[in-house]
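Quick notes on the structure that follows.
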There are 2 protein chains.
Amino acid sequence: MPFGQHGIFCPELTRVSARTSGMPSTFFPAGAEIYAQGDTKGGLYQVEFGAVRIYRLLADGRRQISAFHLAGEIFGLQDGSTHHFFAEAICATAIRVMRTTSLDGDLAGELLPVALRSLVRAQEHLLVLGRQNAIERVAAFLIDICDRQGGLRQIELPMSRADIGDYLGLSIETVSRVFSRLRQKGVIRLPSLRSVEIVKPQALEDLVA
Amino acid sequence: MPFGQHGIFCPELTRVSARTSGMPSTFFPAGAEIYAQGDTKGGLYQVEFGAVRIYRLLADGRRQISAFHLAGEIFGLQDGSTHHFFAEAICATAIRVMRTTSLDGDLAGELLPVALRSLVRAQEHLLVLGRQNAIERVAAFLIDICDRQGGLRQIELPMSRADIGDYLGLSIETVSRVFSRLRQKGVIRLPSLRSVEIVKPQALEDLVA
DNA sequence: CGGCAATTTGAAGGCGCTCAAAAGTAGTGG
DNA sequence: CCACTACTTTTGAGCGCCTTCAAATTGCCG
């Protein structure tokens, strides 16, 4: 099976996406692997709906999520012939696949901007992980997700606290404590476990300095 | 002046590099700025000799070095029209410049591998900053520099402890303490301040897991 | 309603940071 | 050659933030 053992081909989505790009879509339930470290499947992926986590593991199980990808975003670029990371669906997710063969053609010029955006993102994330404390990291995360969801004050988080912790280099407990602290300060509200309302955007901005 | 206020044009180097690429070189003394955050100078840079640090600053002065670039390596790729980072010469350094105009032509296809290598590097660095402790970070750093200097056991560090700290997300003191600890364990020797001899490579490898 | 997983909250400890001072290094000029 | 200065690096002591371990609570789905 081309796109991970849990990948389920979805004819309806195929037809939908075919109208826009001519490429088929694949559906992944929550937790399904899209590709693994060492996989040789080349290609580029676009999130149609849902969310994806890109991560790496240490031998003892420590995990670092290097990026989340939301609807519309492109991922899967690789250096060399094999993937260096894992990609998993965070929730029910549809992925549009662009074949490697087409990359050699006209798309080559469009690939560079994608790579550069990812690079800038990763480098900015380095600043967060290297030089910011827990509350600053969470603030940066919320601002980032907010912007990528259209800038509305109401945020829907597809990922768990564990995912957020592994993205921000924090423990689950610390993430939870920071959320509580921001709530107590009146900076955010938590209408439900996976949604956040930003009450004082400026307070968040001030935290990331 | 095209490449930072401290850039010194060096005719002799120009002639040398012209033989290989037809592009001129610029010399930068230690600490000289190559480009700054917000600069609109496009273009690609190659280190001829010396070393470069790429970094970002927080409002209160905290600094995160996202990458070091040694002789032969290419840097300066940017998303959009302005640089998002600072680039400085760490020591006496010569930089070969490739003009933006030439990038639009034949080089476009060669740019993608450069961007992808940087991306993979940054993402691997995220794992170090997010999920590894002090001794593991230093071990990863030494292995990386060692590989990039040809894999010899003797390493020459162009950068200060402060630079290493700002690259690894550690304080100067912690970097120094870890070096001492590795020396006491017999893993490395420190023939001088800026050189490291790796006595037990396997011990270092084991640390990064 | 019951069971399981995710999240929250609490308590204690450790790793790395800050502050401080000593030791080492390099450059300069007498 | 040596004295002097300025800077980097090393080492020490104490503290604080985050982690770990543990338990309570909440939310979800059958």
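Convention: chains lettered A, B, ... in structure tokens order; per-chain residue numbering from 1; ligands numbered from 1 as shown.
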Would you give me, as a Markdown table, each residue of chain D having an atom within 10 Å of an atom of chain A, along with its shortest atom pair and that distance in Å to one decimal, using only C-alpha atoms (C1' of nucleotides) and sorting by chain and residue number?
| residue | atom | partner | partner_atom | distance |
| --- | --- | --- | --- | --- |
| D:DC17 | C1' | A:Asn133 | CA | 8.6 |
| D:DC18 | C1' | A:Thr174 | CA | 7.2 |
| D:DT19 | C1' | A:Ser171 | CA | 7.2 |
| D:DT20 | C1' | A:Ser171 | CA | 9.6 |
| D:DT26 | C1' | A:Leu193 | CA | 9.5 |
| D:DG27 | C1' | A:Leu193 | CA | 8.4 |
Please provide the set of residues having any atom within 12 Å of Val120 of chain B, restricted to only C-alpha atoms (C1' of nucleotides), with same-chain residues fewer than 5 positions apart removed, written as a compact mmCIF listing (two decimals) with C-alpha atoms, in the first residue's frame.
# COMPACT_ATOMS: atom_id res chain seq x y z
CA TYR A 55 8.49 14.13 14.10
CA ARG A 56 11.65 12.33 14.98
CA SER A 66 9.39 19.53 14.19
CA GLY A 76 7.00 15.89 2.62
CA LEU A 77 9.98 17.51 0.94
CA GLN A 78 13.07 15.43 1.53
CA ASP A 79 16.77 15.63 0.95
CA GLY A 80 18.07 12.54 -0.78
CA THR A 82 14.66 8.61 1.95
CA HIS A 83 12.53 10.41 4.51
CA HIS A 84 14.35 11.59 7.64
CA PHE A 85 11.18 11.95 9.69
CA ALA A 115 11.26 24.54 1.03
CA LEU A 116 12.20 28.09 2.02
CA SER A 118 9.64 25.38 5.86
CA LEU A 119 13.21 26.45 6.49
CA ALA A 122 12.10 25.66 11.42
CA GLN A 123 14.68 28.33 12.14
CA ALA B 67 23.48 27.54 12.09
CA PRO B 113 19.13 20.77 -2.73
CA VAL B 114 20.82 23.56 -0.79
CA ALA B 115 17.52 24.58 0.79
CA HIS B 125 18.77 20.67 15.43
CA LEU B 126 15.20 21.00 16.68
CA LEU B 127 15.47 17.50 18.14
Rotate and translate chain A onto chain B via least squares on all in-order Cα pairs, then write the result as a PDB file with C-alpha atoms, in the first residue's frame.
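Wrote it out as selection_30.pdb, contents follow:
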ATOM      1  CA  MET A   1      28.707  49.164   0.596  1.00  0.00           C
ATOM      2  CA  PRO A   2      27.099  45.994  -0.630  1.00  0.00           C
ATOM      3  CA  PHE A   3      27.981  43.422   2.011  1.00  0.00           C
ATOM      4  CA  GLY A   4      27.863  44.968   5.453  1.00  0.00           C
ATOM      5  CA  GLN A   5      29.614  47.998   6.825  1.00  0.00           C
ATOM      6  CA  HIS A   6      32.726  46.049   7.770  1.00  0.00           C
ATOM      7  CA  GLY A   7      33.075  44.235   4.472  1.00  0.00           C
ATOM      8  CA  ILE A   8      36.445  44.763   2.845  1.00  0.00           C
ATOM      9  CA  PHE A   9      36.801  44.046  -0.802  1.00  0.00           C
ATOM     10  CA  CYS A  10      39.821  41.862  -1.452  1.00  0.00           C
ATOM     11  CA  PRO A  11      41.230  41.918  -4.996  1.00  0.00           C
ATOM     12  CA  GLU A  12      43.608  39.043  -4.443  1.00  0.00           C
ATOM     13  CA  LEU A  13      40.852  36.723  -3.309  1.00  0.00           C
ATOM     14  CA  THR A  14      38.787  37.949  -6.188  1.00  0.00           C
ATOM     15  CA  ARG A  15      41.311  36.678  -8.622  1.00  0.00           C
ATOM     16  CA  VAL A  16      41.648  33.369  -6.810  1.00  0.00           C
ATOM     17  CA  SER A  17      37.944  32.643  -6.737  1.00  0.00           C
ATOM     18  CA  ALA A  18      37.473  33.973 -10.237  1.00  0.00           C
ATOM     19  CA  ARG A  19      39.352  30.982 -11.518  1.00  0.00           C
ATOM     20  CA  THR A  20      36.768  28.629 -10.077  1.00  0.00           C
ATOM     21  CA  SER A  21      33.478  30.441 -10.372  1.00  0.00           C
ATOM     22  CA  GLY A  22      33.941  33.801 -11.963  1.00  0.00           C
ATOM     23  CA  MET A  23      32.513  35.474  -8.876  1.00  0.00           C
ATOM     24  CA  PRO A  24      34.320  37.962  -6.622  1.00  0.00           C
ATOM     25  CA  SER A  25      35.072  37.357  -2.966  1.00  0.00           C
ATOM     26  CA  THR A  26      34.713  39.676  -0.021  1.00  0.00           C
ATOM     27  CA  PHE A  27      36.751  39.537   3.147  1.00  0.00           C
ATOM     28  CA  PHE A  28      35.201  39.981   6.591  1.00  0.00           C
ATOM     29  CA  PRO A  29      37.192  40.345   9.799  1.00  0.00           C
ATOM     30  CA  ALA A  30      36.007  38.599  12.967  1.00  0.00           C
ATOM     31  CA  GLY A  31      32.621  39.910  14.062  1.00  0.00           C
ATOM     32  CA  ALA A  32      31.781  41.675  10.811  1.00  0.00           C
ATOM     33  CA  GLU A  33      28.190  41.670   9.682  1.00  0.00           C
ATOM     34  CA  ILE A  34      27.513  39.974   6.350  1.00  0.00           C
ATOM     35  CA  TYR A  35      23.831  40.792   6.320  1.00  0.00           C
ATOM     36  CA  ALA A  36      21.211  41.843   8.856  1.00  0.00           C
ATOM     37  CA  GLN A  37      17.621  40.994   9.604  1.00  0.00           C
ATOM     38  CA  GLY A  38      15.461  43.044   7.275  1.00  0.00           C
ATOM     39  CA  ASP A  39      18.132  43.524   4.635  1.00  0.00           C
ATOM     40  CA  THR A  40      16.807  43.313   1.126  1.00  0.00           C
ATOM     41  CA  LYS A  41      20.001  42.162  -0.491  1.00  0.00           C
ATOM     42  CA  GLY A  42      19.170  38.915  -2.169  1.00  0.00           C
ATOM     43  CA  GLY A  43      21.768  36.430  -3.169  1.00  0.00           C
ATOM     44  CA  LEU A  44      23.608  33.372  -2.134  1.00  0.00           C
ATOM     45  CA  TYR A  45      26.876  33.195  -0.244  1.00  0.00           C
ATOM     46  CA  GLN A  46      29.601  30.602  -0.100  1.00  0.00           C
ATOM     47  CA  VAL A  47      32.241  30.479   2.608  1.00  0.00           C
ATOM     48  CA  GLU A  48      35.664  30.403   0.985  1.00  0.00           C
ATOM     49  CA  PHE A  49      37.509  30.214   4.290  1.00  0.00           C
ATOM     50  CA  GLY A  50      36.609  31.075   7.855  1.00  0.00           C
ATOM     51  CA  ALA A  51      33.223  30.565   9.500  1.00  0.00           C
ATOM     52  CA  VAL A  52      29.845  32.268   9.731  1.00  0.00           C
ATOM     53  CA  ARG A  53      27.081  32.346  12.321  1.00  0.00           C
ATOM     54  CA  ILE A  54      23.420  32.769  11.407  1.00  0.00           C
ATOM     55  CA  TYR A  55      21.317  34.046  14.282  1.00  0.00           C
ATOM     56  CA  ARG A  56      18.240  35.766  15.536  1.00  0.00           C
ATOM     57  CA  LEU A  57      17.685  38.041  18.519  1.00  0.00           C
ATOM     58  CA  LEU A  58      14.890  38.523  21.021  1.00  0.00           C
ATOM     59  CA  ALA A  59      14.001  42.010  22.212  1.00  0.00           C
ATOM     60  CA  ASP A  60      15.875  41.525  25.496  1.00  0.00           C
ATOM     61  CA  GLY A  61      19.062  40.422  23.778  1.00  0.00           C
ATOM     62  CA  ARG A  62      18.724  36.648  23.990  1.00  0.00           C
ATOM     63  CA  ARG A  63      20.352  35.183  20.901  1.00  0.00           C
ATOM     64  CA  GLN A  64      19.751  31.937  19.073  1.00  0.00           C
ATOM     65  CA  ILE A  65      22.301  30.820  16.523  1.00  0.00           C
ATOM     66  CA  SER A  66      20.426  28.650  14.059  1.00  0.00           C
ATOM     67  CA  ALA A  67      23.460  27.528  12.085  1.00  0.00           C
ATOM     68  CA  PHE A  68      27.196  27.721  11.637  1.00  0.00           C
ATOM     69  CA  HIS A  69      28.673  27.641   8.151  1.00  0.00           C
ATOM     70  CA  LEU A  70      32.209  26.450   7.511  1.00  0.00           C
ATOM     71  CA  ALA A  71      34.479  26.589   4.472  1.00  0.00           C
ATOM     72  CA  GLY A  72      32.775  25.428   1.298  1.00  0.00           C
ATOM     73  CA  GLU A  73      29.259  25.695   2.649  1.00  0.00           C
ATOM     74  CA  ILE A  74      26.484  27.770   1.107  1.00  0.00           C
ATOM     75  CA  PHE A  75      24.060  30.026   2.990  1.00  0.00           C
ATOM     76  CA  GLY A  76      21.904  33.102   2.622  1.00  0.00           C
ATOM     77  CA  LEU A  77      18.805  31.588   1.068  1.00  0.00           C
ATOM     78  CA  GLN A  78      15.770  33.614   2.052  1.00  0.00           C
ATOM     79  CA  ASP A  79      12.041  33.444   1.745  1.00  0.00           C
ATOM     80  CA  GLY A  80      10.615  36.642   0.344  1.00  0.00           C
ATOM     81  CA  SER A  81      12.659  39.740  -0.342  1.00  0.00           C
ATOM     82  CA  THR A  82      14.235  40.378   3.068  1.00  0.00           C
ATOM     83  CA  HIS A  83      16.548  38.408   5.322  1.00  0.00           C
ATOM     84  CA  HIS A  84      14.980  37.011   8.491  1.00  0.00           C
ATOM     85  CA  PHE A  85      18.296  36.516  10.259  1.00  0.00           C
ATOM     86  CA  PHE A  86      21.672  38.043  10.899  1.00  0.00           C
ATOM     87  CA  ALA A  87      24.852  36.647   9.394  1.00  0.00           C
ATOM     88  CA  GLU A  88      28.248  37.470  10.886  1.00  0.00           C
ATOM     89  CA  ALA A  89      31.794  36.339  10.312  1.00  0.00           C
ATOM     90  CA  ILE A  90      33.006  34.416  13.352  1.00  0.00           C
ATOM     91  CA  CYS A  91      36.671  34.806  12.449  1.00  0.00           C
ATOM     92  CA  ALA A  92      38.569  36.168   9.468  1.00  0.00           C
ATOM     93  CA  THR A  93      36.377  34.983   6.647  1.00  0.00           C
ATOM     94  CA  ALA A  94      36.111  35.219   2.882  1.00  0.00           C
ATOM     95  CA  ILE A  95      32.716  35.011   1.249  1.00  0.00           C
ATOM     96  CA  ARG A  96      32.046  34.340  -2.398  1.00  0.00           C
ATOM     97  CA  VAL A  97      28.851  35.981  -3.561  1.00  0.00           C
ATOM     98  CA  MET A  98      26.473  34.678  -6.171  1.00  0.00           C
ATOM     99  CA  ARG A  99      24.207  37.326  -7.612  1.00  0.00           C
ATOM    100  CA  THR A 100      20.442  37.101  -7.358  1.00  0.00           C
ATOM    101  CA  THR A 101      20.095  37.629 -11.080  1.00  0.00           C
ATOM    102  CA  SER A 102      21.934  34.429 -11.811  1.00  0.00           C
ATOM    103  CA  LEU A 103      19.615  32.559  -9.464  1.00  0.00           C
ATOM    104  CA  ASP A 104      16.700  33.128 -11.767  1.00  0.00           C
ATOM    105  CA  GLY A 105      18.521  31.295 -14.474  1.00  0.00           C
ATOM    106  CA  ASP A 106      20.293  27.980 -14.508  1.00  0.00           C
ATOM    107  CA  LEU A 107      20.989  27.906 -10.789  1.00  0.00           C
ATOM    108  CA  ALA A 108      17.319  27.559  -9.850  1.00  0.00           C
ATOM    109  CA  GLY A 109      17.492  23.795 -10.003  1.00  0.00           C
ATOM    110  CA  GLU A 110      20.637  23.699  -7.885  1.00  0.00           C
ATOM    111  CA  LEU A 111      19.090  25.828  -5.196  1.00  0.00           C
ATOM    112  CA  LEU A 112      16.555  23.280  -4.028  1.00  0.00           C
ATOM    113  CA  PRO A 113      19.135  20.766  -2.752  1.00  0.00           C
ATOM    114  CA  VAL A 114      20.824  23.555  -0.812  1.00  0.00           C
ATOM    115  CA  ALA A 115      17.523  24.565   0.767  1.00  0.00           C
ATOM    116  CA  LEU A 116      16.660  20.956   1.577  1.00  0.00           C
ATOM    117  CA  ARG A 117      19.995  20.322   3.231  1.00  0.00           C
ATOM    118  CA  SER A 118      19.517  23.395   5.388  1.00  0.00           C
ATOM    119  CA  LEU A 119      16.003  22.272   6.213  1.00  0.00           C
ATOM    120  CA  VAL A 120      17.065  18.798   7.317  1.00  0.00           C
ATOM    121  CA  ARG A 121      19.865  20.328   9.361  1.00  0.00           C
ATOM    122  CA  ALA A 122      17.492  22.718  11.083  1.00  0.00           C
ATOM    123  CA  GLN A 123      14.978  19.986  11.817  1.00  0.00           C
ATOM    124  CA  GLU A 124      17.640  17.741  13.295  1.00  0.00           C
ATOM    125  CA  HIS A 125      18.775  20.655  15.406  1.00  0.00           C
ATOM    126  CA  LEU A 126      15.205  20.990  16.669  1.00  0.00           C
ATOM    127  CA  LEU A 127      15.483  17.495  18.122  1.00  0.00           C
ATOM    128  CA  VAL A 128      18.653  18.481  19.931  1.00  0.00           C
ATOM    129  CA  LEU A 129      17.189  21.680  21.377  1.00  0.00           C
ATOM    130  CA  GLY A 130      13.820  20.213  22.206  1.00  0.00           C
ATOM    131  CA  ARG A 131      14.658  16.847  23.654  1.00  0.00           C
ATOM    132  CA  GLN A 132      18.331  16.487  24.601  1.00  0.00           C
ATOM    133  CA  ASN A 133      20.151  17.525  27.763  1.00  0.00           C
ATOM    134  CA  ALA A 134      23.351  19.537  28.021  1.00  0.00           C
ATOM    135  CA  ILE A 135      25.868  16.732  27.552  1.00  0.00           C
ATOM    136  CA  GLU A 136      23.918  15.246  24.659  1.00  0.00           C
ATOM    137  CA  ARG A 137      23.755  18.637  22.958  1.00  0.00           C
ATOM    138  CA  VAL A 138      27.485  19.179  23.216  1.00  0.00           C
ATOM    139  CA  ALA A 139      28.157  15.644  21.977  1.00  0.00           C
ATOM    140  CA  ALA A 140      25.889  16.212  18.976  1.00  0.00           C
ATOM    141  CA  PHE A 141      27.662  19.491  18.284  1.00  0.00           C
ATOM    142  CA  LEU A 142      31.128  17.950  18.403  1.00  0.00           C
ATOM    143  CA  ILE A 143      30.126  15.080  16.137  1.00  0.00           C
ATOM    144  CA  ASP A 144      28.565  17.494  13.671  1.00  0.00           C
ATOM    145  CA  ILE A 145      31.599  19.770  13.529  1.00  0.00           C
ATOM    146  CA  CYS A 146      33.914  16.769  13.329  1.00  0.00           C
ATOM    147  CA  ASP A 147      32.051  15.338  10.331  1.00  0.00           C
ATOM    148  CA  ARG A 148      32.032  18.699   8.583  1.00  0.00           C
ATOM    149  CA  GLN A 149      35.773  19.098   9.093  1.00  0.00           C
ATOM    150  CA  GLY A 150      36.524  15.795   7.414  1.00  0.00           C
ATOM    151  CA  GLY A 151      35.980  13.347  10.251  1.00  0.00           C
ATOM    152  CA  LEU A 152      39.428  13.736  11.787  1.00  0.00           C
ATOM    153  CA  ARG A 153      39.742  13.355  15.531  1.00  0.00           C
ATOM    154  CA  GLN A 154      41.282  16.772  15.897  1.00  0.00           C
ATOM    155  CA  ILE A 155      38.708  19.561  15.725  1.00  0.00           C
ATOM    156  CA  GLU A 156      39.354  23.270  15.372  1.00  0.00           C
ATOM    157  CA  LEU A 157      36.537  25.403  16.752  1.00  0.00           C
ATOM    158  CA  PRO A 158      36.332  28.838  15.162  1.00  0.00           C
ATOM    159  CA  MET A 159      33.602  29.919  17.593  1.00  0.00           C
ATOM    160  CA  SER A 160      33.646  30.945  21.244  1.00  0.00           C
ATOM    161  CA  ARG A 161      31.893  29.200  24.120  1.00  0.00           C
ATOM    162  CA  ALA A 162      29.265  31.941  23.937  1.00  0.00           C
ATOM    163  CA  ASP A 163      28.567  31.046  20.304  1.00  0.00           C
ATOM    164  CA  ILE A 164      28.328  27.359  21.163  1.00  0.00           C
ATOM    165  CA  GLY A 165      25.978  28.161  24.023  1.00  0.00           C
ATOM    166  CA  ASP A 166      23.737  30.291  21.829  1.00  0.00           C
ATOM    167  CA  TYR A 167      23.705  27.519  19.240  1.00  0.00           C
ATOM    168  CA  LEU A 168      22.862  24.774  21.728  1.00  0.00           C
ATOM    169  CA  GLY A 169      20.473  26.773  23.892  1.00  0.00           C
ATOM    170  CA  LEU A 170      22.800  26.626  26.900  1.00  0.00           C
ATOM    171  CA  SER A 171      24.650  29.157  29.030  1.00  0.00           C
ATOM    172  CA  ILE A 172      28.361  29.731  28.532  1.00  0.00           C
ATOM    173  CA  GLU A 173      29.019  28.207  31.934  1.00  0.00           C
ATOM    174  CA  THR A 174      27.128  25.023  31.169  1.00  0.00           C
ATOM    175  CA  VAL A 175      29.008  24.567  27.904  1.00  0.00           C
ATOM    176  CA  SER A 176      32.280  24.984  29.743  1.00  0.00           C
ATOM    177  CA  ARG A 177      31.246  22.580  32.482  1.00  0.00           C
ATOM    178  CA  VAL A 178      30.233  19.921  29.955  1.00  0.00           C
ATOM    179  CA  PHE A 179      33.564  20.265  28.160  1.00  0.00           C
ATOM    180  CA  SER A 180      35.307  19.777  31.498  1.00  0.00           C
ATOM    181  CA  ARG A 181      33.133  16.775  32.298  1.00  0.00           C
ATOM    182  CA  LEU A 182      33.907  15.131  28.949  1.00  0.00           C
ATOM    183  CA  ARG A 183      37.589  15.811  29.491  1.00  0.00           C
ATOM    184  CA  GLN A 184      37.521  14.284  32.980  1.00  0.00           C
ATOM    185  CA  LYS A 185      35.824  11.199  31.548  1.00  0.00           C
ATOM    186  CA  GLY A 186      38.582  10.865  28.981  1.00  0.00           C
ATOM    187  CA  VAL A 187      36.161  11.297  26.080  1.00  0.00           C
ATOM    188  CA  ILE A 188      37.915  14.385  24.733  1.00  0.00           C
ATOM    189  CA  ARG A 189      41.147  16.284  25.205  1.00  0.00           C
ATOM    190  CA  LEU A 190      41.467  20.057  25.064  1.00  0.00           C
ATOM    191  CA  PRO A 191      44.912  20.834  23.648  1.00  0.00           C
ATOM    192  CA  SER A 192      43.964  24.497  23.495  1.00  0.00           C
ATOM    193  CA  LEU A 193      40.910  26.635  24.085  1.00  0.00           C
ATOM    194  CA  ARG A 194      39.616  26.375  20.556  1.00  0.00           C
ATOM    195  CA  SER A 195      40.675  22.856  19.653  1.00  0.00           C
ATOM    196  CA  VAL A 196      39.229  19.522  20.707  1.00  0.00           C
ATOM    197  CA  GLU A 197      40.614  16.049  20.265  1.00  0.00           C
ATOM    198  CA  ILE A 198      38.049  13.283  20.306  1.00  0.00           C
ATOM    199  CA  VAL A 199      39.589  10.410  22.225  1.00  0.00           C
ATOM    200  CA  LYS A 200      36.542   8.138  22.435  1.00  0.00           C
ATOM    201  CA  PRO A 201      34.318   8.736  19.396  1.00  0.00           C
ATOM    202  CA  GLN A 202      32.032   5.879  20.400  1.00  0.00           C
ATOM    203  CA  ALA A 203      31.344   7.486  23.756  1.00  0.00           C
ATOM    204  CA  LEU A 204      30.175  10.618  21.950  1.00  0.00           C
ATOM    205  CA  GLU A 205      28.023   8.615  19.559  1.00  0.00           C
ATOM    206  CA  ASP A 206      26.414   6.798  22.463  1.00  0.00           C
ATOM    207  CA  LEU A 207      25.419  10.119  24.001  1.00  0.00           C
ATOM    208  CA  VAL A 208      23.368  11.279  21.057  1.00  0.00           C
ATOM    209  CA  ALA A 209      21.506   7.942  21.121  1.00  0.00           C
TER     210      ALA A 209
END
Could you list, as a PyMOL selection string, every residue of chain C that has an atom within 10 Å of an atom of chain A, counting only C-alpha atoms (C1' of nucleotides)? chain C and resi 6-9
Strand (DSSP E or B) residues, from DSSP on the backbone, in segment 47-184 of chain B, as a short mmCIF file (atom, residue, chain, number, x, y, z; two decimals) with N, CA and C atoms, in the first residue's frame:
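New file result24.cif:
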data_model
loop_
_atom_site.label_atom_id
_atom_site.label_comp_id
_atom_site.auth_asym_id
_atom_site.auth_seq_id
_atom_site.Cartn_x
_atom_site.Cartn_y
_atom_site.Cartn_z
N VAL B 47 31.08 30.25 1.76
CA VAL B 47 32.26 30.50 2.59
C VAL B 47 33.49 29.96 1.87
N GLU B 48 34.46 30.86 1.64
CA GLU B 48 35.69 30.43 0.98
C GLU B 48 36.66 29.91 2.03
N PHE B 49 36.86 30.73 3.07
CA PHE B 49 37.55 30.25 4.27
C PHE B 49 36.99 31.02 5.45
N ALA B 51 34.50 31.15 8.98
CA ALA B 51 33.25 30.58 9.49
C ALA B 51 32.22 31.68 9.73
N VAL B 52 30.96 31.32 9.62
CA VAL B 52 29.86 32.28 9.71
C VAL B 52 28.83 31.77 10.72
N ARG B 53 28.24 32.71 11.46
CA ARG B 53 27.11 32.34 12.33
C ARG B 53 25.85 33.03 11.83
N ILE B 54 24.75 32.26 11.80
CA ILE B 54 23.44 32.77 11.42
C ILE B 54 22.61 32.82 12.70
N TYR B 55 22.04 33.99 13.02
CA TYR B 55 21.34 34.05 14.31
C TYR B 55 20.17 35.00 14.29
N ARG B 56 19.42 34.91 15.35
CA ARG B 56 18.27 35.76 15.55
C ARG B 56 18.29 36.27 16.98
N LEU B 57 17.70 37.43 17.22
CA LEU B 57 17.71 38.05 18.55
C LEU B 57 16.30 38.24 19.07
N ARG B 63 19.97 35.48 22.30
CA ARG B 63 20.36 35.19 20.92
C ARG B 63 20.27 33.70 20.65
N GLN B 64 19.75 33.34 19.50
CA GLN B 64 19.76 31.94 19.08
C GLN B 64 20.50 31.83 17.76
N ILE B 65 21.59 31.12 17.77
CA ILE B 65 22.32 30.84 16.53
C ILE B 65 21.67 29.62 15.89
N SER B 66 21.13 29.78 14.69
CA SER B 66 20.44 28.67 14.06
C SER B 66 21.39 27.80 13.26
N ALA B 67 22.54 28.35 12.86
CA ALA B 67 23.48 27.54 12.09
C ALA B 67 24.87 28.17 12.06
N PHE B 68 25.85 27.31 11.97
CA PHE B 68 27.21 27.72 11.64
C PHE B 68 27.49 27.27 10.21
N HIS B 69 28.30 28.06 9.49
CA HIS B 69 28.69 27.64 8.15
C HIS B 69 30.20 27.69 8.02
N LEU B 70 30.78 26.57 7.62
CA LEU B 70 32.23 26.45 7.51
C LEU B 70 32.66 26.56 6.05
N ILE B 74 27.30 26.73 1.71
CA ILE B 74 26.49 27.79 1.10
C ILE B 74 25.40 28.22 2.07
N PHE B 75 25.15 29.53 2.14
CA PHE B 75 24.08 30.03 3.00
C PHE B 75 23.49 31.30 2.39
N PHE B 86 20.42 37.40 11.03
CA PHE B 86 21.71 38.07 10.91
C PHE B 86 22.75 37.05 10.49
N ALA B 87 23.74 37.52 9.74
CA ALA B 87 24.88 36.67 9.41
C ALA B 87 26.15 37.45 9.73
N GLU B 88 27.03 36.84 10.49
CA GLU B 88 28.28 37.49 10.89
C GLU B 88 29.45 36.55 10.68
N ALA B 89 30.60 37.14 10.35
CA ALA B 89 31.83 36.36 10.31
C ALA B 89 32.26 36.06 11.74
N THR B 93 37.20 35.84 7.54
CA THR B 93 36.41 35.01 6.64
C THR B 93 36.29 35.62 5.25
N ALA B 94 36.38 34.79 4.24
CA ALA B 94 36.15 35.25 2.87
C ALA B 94 34.86 34.63 2.35
N ILE B 95 34.05 35.47 1.75
CA ILE B 95 32.76 35.03 1.25
C ILE B 95 32.69 35.25 -0.25
N ARG B 96 32.30 34.22 -0.95
CA ARG B 96 32.07 34.34 -2.39
C ARG B 96 30.58 34.60 -2.59
N VAL B 97 30.28 35.58 -3.42
CA VAL B 97 28.89 35.99 -3.58
C VAL B 97 28.35 35.57 -4.94
N MET B 98 27.14 35.03 -4.91
CA MET B 98 26.47 34.70 -6.16
C MET B 98 25.30 35.65 -6.31
N GLN B 154 40.87 15.44 15.42
CA GLN B 154 41.27 16.76 15.91
C GLN B 154 40.34 17.81 15.32
N ILE B 155 39.65 18.55 16.18
CA ILE B 155 38.70 19.57 15.73
C ILE B 155 39.23 20.95 16.06
N GLU B 156 39.06 21.87 15.12
CA GLU B 156 39.37 23.27 15.39
C GLU B 156 38.05 24.04 15.45
#
Record the distance separating atom C1' of DC2 of chain D and atom C1' of DT25 of chain C, expressed in Å with one decimal. 15.7 Å
Could you tell me how far atom C1' of DG14 of chain C lies from atom C1' of DG16 of chain D, in Å and to one decimal? 11.2 Å
Using only C-alpha atoms (C1' of nucleotides), which protein or nucleic acid residues come within 12 Å of DC19 of chain C? Drop anything in the same chain fewer than 5 positions from it, and give the result as a ChimeraX atom specification. /B:173 /D:12-15
Would you compute the distance between atom C1' of DG27 of chain C and atom C1' of DT8 of chain D? Give it in Å to one decimal. 13.1 Å
From a DSSP pass on the backbone, collect the residues of segment 9-186 of chain A flagged as alpha helix (DSSP H) and hand them back as a PyMOL selection string. chain A and resi 11-20+100-103+108-131+134-148+161-168+172-184
